[in-house]
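Asker: One file is attached below, run.pdb, containing PDB, C-alpha atoms, pLDDT in the B column.
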```pdb
ATOM      1  CA  MET A   8      20.372 -13.949 -15.338  1.00 82.00           C
ATOM      2  CA  GLU A   9      17.442 -11.564 -15.866  1.00 82.00           C
ATOM      3  CA  SER A  10      14.946 -14.321 -15.116  1.00 87.00           C
ATOM      4  CA  LEU A  11      16.642 -15.016 -11.772  1.00 91.00           C
ATOM      5  CA  ILE A  12      16.462 -11.353 -10.782  1.00 92.00           C
ATOM      6  CA  GLY A  13      12.816 -11.195 -11.866  1.00 91.00           C
ATOM      7  CA  PHE A  14      12.021 -14.307  -9.858  1.00 93.00           C
ATOM      8  CA  LEU A  15      13.685 -12.881  -6.749  1.00 93.00           C
ATOM      9  CA  VAL A  16      11.746  -9.614  -7.092  1.00 93.00           C
ATOM     10  CA  VAL A  17       8.454 -11.522  -7.375  1.00 93.00           C
ATOM     11  CA  VAL A  18       9.300 -13.667  -4.342  1.00 93.00           C
ATOM     12  CA  VAL A  19      10.229 -10.644  -2.198  1.00 94.00           C
ATOM     13  CA  LEU A  20       7.116  -8.678  -3.198  1.00 92.00           C
ATOM     14  CA  GLY A  21       4.879 -11.708  -2.692  1.00 90.00           C
ATOM     15  CA  GLY A  22       6.371 -12.324   0.740  1.00 90.00           C
ATOM     16  CA  SER A  23       5.826  -8.741   1.826  1.00 88.00           C
ATOM     17  CA  VAL A  24       2.180  -8.808   0.678  1.00 89.00           C
ATOM     18  CA  ALA A  25       1.608 -12.104   2.507  1.00 88.00           C
ATOM     19  CA  ALA A  26       3.196 -10.734   5.683  1.00 86.00           C
ATOM     20  CA  LYS A  27       1.036  -7.600   5.542  1.00 87.00           C
ATOM     21  CA  SER A  28      -2.165  -9.624   5.185  1.00 90.00           C
ATOM     22  CA  VAL A  29      -1.724 -11.595   8.450  1.00 93.00           C
ATOM     23  CA  ARG A  30      -2.481 -10.031  11.834  1.00 93.00           C
ATOM     24  CA  ILE A  31      -2.079 -11.806  15.161  1.00 93.00           C
ATOM     25  CA  ILE A  32      -4.225 -10.402  17.962  1.00 93.00           C
ATOM     26  CA  ASN A  33      -3.270 -11.317  21.525  1.00 92.00           C
ATOM     27  CA  GLN A  34      -5.660 -12.956  23.949  1.00 92.00           C
ATOM     28  CA  SER A  35      -8.034 -10.479  25.638  1.00 91.00           C
ATOM     29  CA  ASP A  36      -7.506  -7.902  22.863  1.00 93.00           C
ATOM     30  CA  GLU A  37      -9.624  -6.774  19.931  1.00 94.00           C
ATOM     31  CA  ALA A  38      -8.780  -4.573  16.970  1.00 93.00           C
ATOM     32  CA  LEU A  39     -10.898  -2.384  14.693  1.00 93.00           C
ATOM     33  CA  VAL A  40     -10.350  -2.422  10.939  1.00 93.00           C
ATOM     34  CA  GLU A  41     -10.974   0.392   8.453  1.00 93.00           C
ATOM     35  CA  THR A  42     -11.425  -0.367   4.772  1.00 92.00           C
ATOM     36  CA  LEU A  43     -10.190   2.502   2.582  1.00 91.00           C
ATOM     37  CA  GLY A  44     -10.489   4.882   5.536  1.00 86.00           C
ATOM     38  CA  LYS A  45     -14.069   3.964   6.439  1.00 90.00           C
ATOM     39  CA  TYR A  46     -15.110   1.839   9.414  1.00 89.00           C
ATOM     40  CA  THR A  47     -17.205  -1.065   8.163  1.00 88.00           C
ATOM     41  CA  GLY A  48     -17.904  -2.810  11.473  1.00 84.00           C
ATOM     42  CA  LYS A  49     -15.157  -5.397  11.145  1.00 89.00           C
ATOM     43  CA  LYS A  50     -13.410  -6.474  14.357  1.00 91.00           C
ATOM     44  CA  LEU A  51     -10.416  -8.749  14.672  1.00 93.00           C
ATOM     45  CA  THR A  52     -10.753 -11.235  17.503  1.00 92.00           C
ATOM     46  CA  PRO A  53      -7.911 -12.961  19.369  1.00 94.00           C
ATOM     47  CA  GLY A  54      -5.875 -15.339  17.254  1.00 94.00           C
ATOM     48  CA  LEU A  55      -4.791 -15.420  13.632  1.00 95.00           C
ATOM     49  CA  ASN A  56      -6.682 -13.012  11.359  1.00 94.00           C
ATOM     50  CA  PHE A  57      -6.393 -12.223   7.672  1.00 93.00           C
ATOM     51  CA  ILE A  58      -7.012  -8.801   6.133  1.00 92.00           C
ATOM     52  CA  VAL A  59      -6.788  -7.483   2.588  1.00 90.00           C
ATOM     53  CA  PRO A  60      -3.374  -5.827   2.260  1.00 88.00           C
ATOM     54  CA  PHE A  61      -3.255  -2.161   1.195  1.00 86.00           C
ATOM     55  CA  LEU A  62      -7.068  -1.827   1.512  1.00 90.00           C
ATOM     56  CA  ASP A  63      -7.696  -2.756   5.155  1.00 90.00           C
ATOM     57  CA  ASN A  64      -5.919  -1.025   8.001  1.00 86.00           C
ATOM     58  CA  VAL A  65      -5.903  -1.852  11.733  1.00 90.00           C
ATOM     59  CA  VAL A  66      -6.602   1.479  13.408  1.00 91.00           C
ATOM     60  CA  PHE A  67      -7.282   0.688  17.065  1.00 89.00           C
ATOM     61  CA  LYS A  68      -6.387  -2.087  19.493  1.00 88.00           C
ATOM     62  CA  GLN A  69      -8.173  -2.358  22.819  1.00 88.00           C
ATOM     63  CA  THR A  70      -7.907  -4.625  25.822  1.00 89.00           C
ATOM     64  CA  ILE A  71     -11.250  -6.226  26.680  1.00 85.00           C
ATOM     65  CA  ARG A  72     -10.333  -7.431  30.166  1.00 83.00           C
TER      66      ARG A  72
END
```
Now that the file is in, can you turn its structure into structure tokens?

Answerer:
Amino acid sequence: MESLIGFLVVVVLGGSVAAKSVRIINQSDEALVETLGKYTGKKLTPGLNFIVPFLDNVVFKQTIR
């Protein structure tokens, strides 16, 4: 029984980390990313983007129309 609970906890935590690492940016938008509170020049372009969860943070989204 304990192994089932442990497995469920690992699955839930793994799913939340995976969901936090994926960002979808709409067409004609861009987003700026900060790593540990410092801007490193990384931009997210339209489409599916991956970031490092808990280290990278999307701080600004802008329309580029």

Asker: If you apply the PyMOL selection byres ((chain A and resi 52-55) around 7) to this file, what residues do you get, as a PDB file with C-alpha atoms, keeping the file's coordinate frame?

Answerer:
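Saved the output as selection_21.pdb:
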```pdb
ATOM      1  CA  ARG A  30      -2.481 -10.031  11.834  1.00 93.00           C
ATOM      2  CA  ILE A  31      -2.079 -11.806  15.161  1.00 93.00           C
ATOM      3  CA  ILE A  32      -4.225 -10.402  17.962  1.00 93.00           C
ATOM      4  CA  ASN A  33      -3.270 -11.317  21.525  1.00 92.00           C
ATOM      5  CA  GLN A  34      -5.660 -12.956  23.949  1.00 92.00           C
ATOM      6  CA  SER A  35      -8.034 -10.479  25.638  1.00 91.00           C
ATOM      7  CA  ASP A  36      -7.506  -7.902  22.863  1.00 93.00           C
ATOM      8  CA  GLU A  37      -9.624  -6.774  19.931  1.00 94.00           C
ATOM      9  CA  ALA A  38      -8.780  -4.573  16.970  1.00 93.00           C
ATOM     10  CA  LYS A  50     -13.410  -6.474  14.357  1.00 91.00           C
ATOM     11  CA  LEU A  51     -10.416  -8.749  14.672  1.00 93.00           C
ATOM     12  CA  ASN A  56      -6.682 -13.012  11.359  1.00 94.00           C
ATOM     13  CA  PHE A  57      -6.393 -12.223   7.672  1.00 93.00           C
TER      14      PHE A  57
END
```

Asker: I need the residue set behind the PyMOL selection byres ((chain A and resi 63) around 7) for this file; please write it as number ranges by chain.

Answerer: A: 40-43, 58-62, 64-65

Asker: Between atom CA of Leu39 of chain A and atom CA of Phe67 of chain A, what is the spacing in Å?

Answerer: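 Atom CA of Leu39 of chain A lies at a distance of 5.3 Å from atom CA of Phe67 of chain A.
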
Asker: Mind giving me the straight-line distance from atom CA of Ser28 of chain A to atom CA of Gly48 of chain A in Å, one decimal?

Answerer: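 Atom-to-atom, atom CA of Ser28 of chain A to atom CA of Gly48 of chain A, that is 18.3 Å.
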
Asker: Rank A:Ser10, A:Lys45, A:Leu15, A:Leu20 by their smallest atom-to-atom distance to Val66 of chain A, using all atoms listed in the file, and report the top residue only.

Answerer: A:Lys45

Asker: Once you add 4 Å to each side, what are the centre and edge lengths of the axis-aligned box holding all listed atoms of segment 37-55 of chain A? One decimal in Å, as JSON, if you can.

Answerer:
```
{"center_x": -11.3, "center_y": -5.3, "center_z": 11.3, "size_x": 21.1, "size_y": 28.3, "size_z": 25.3}
```

Asker: Please, what distance in Å, to one decimal, runs between atom CA of Ile12 of chain A and atom CA of Val24 of chain A?

Answerer: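 Those two atoms sit 18.5 Å apart.
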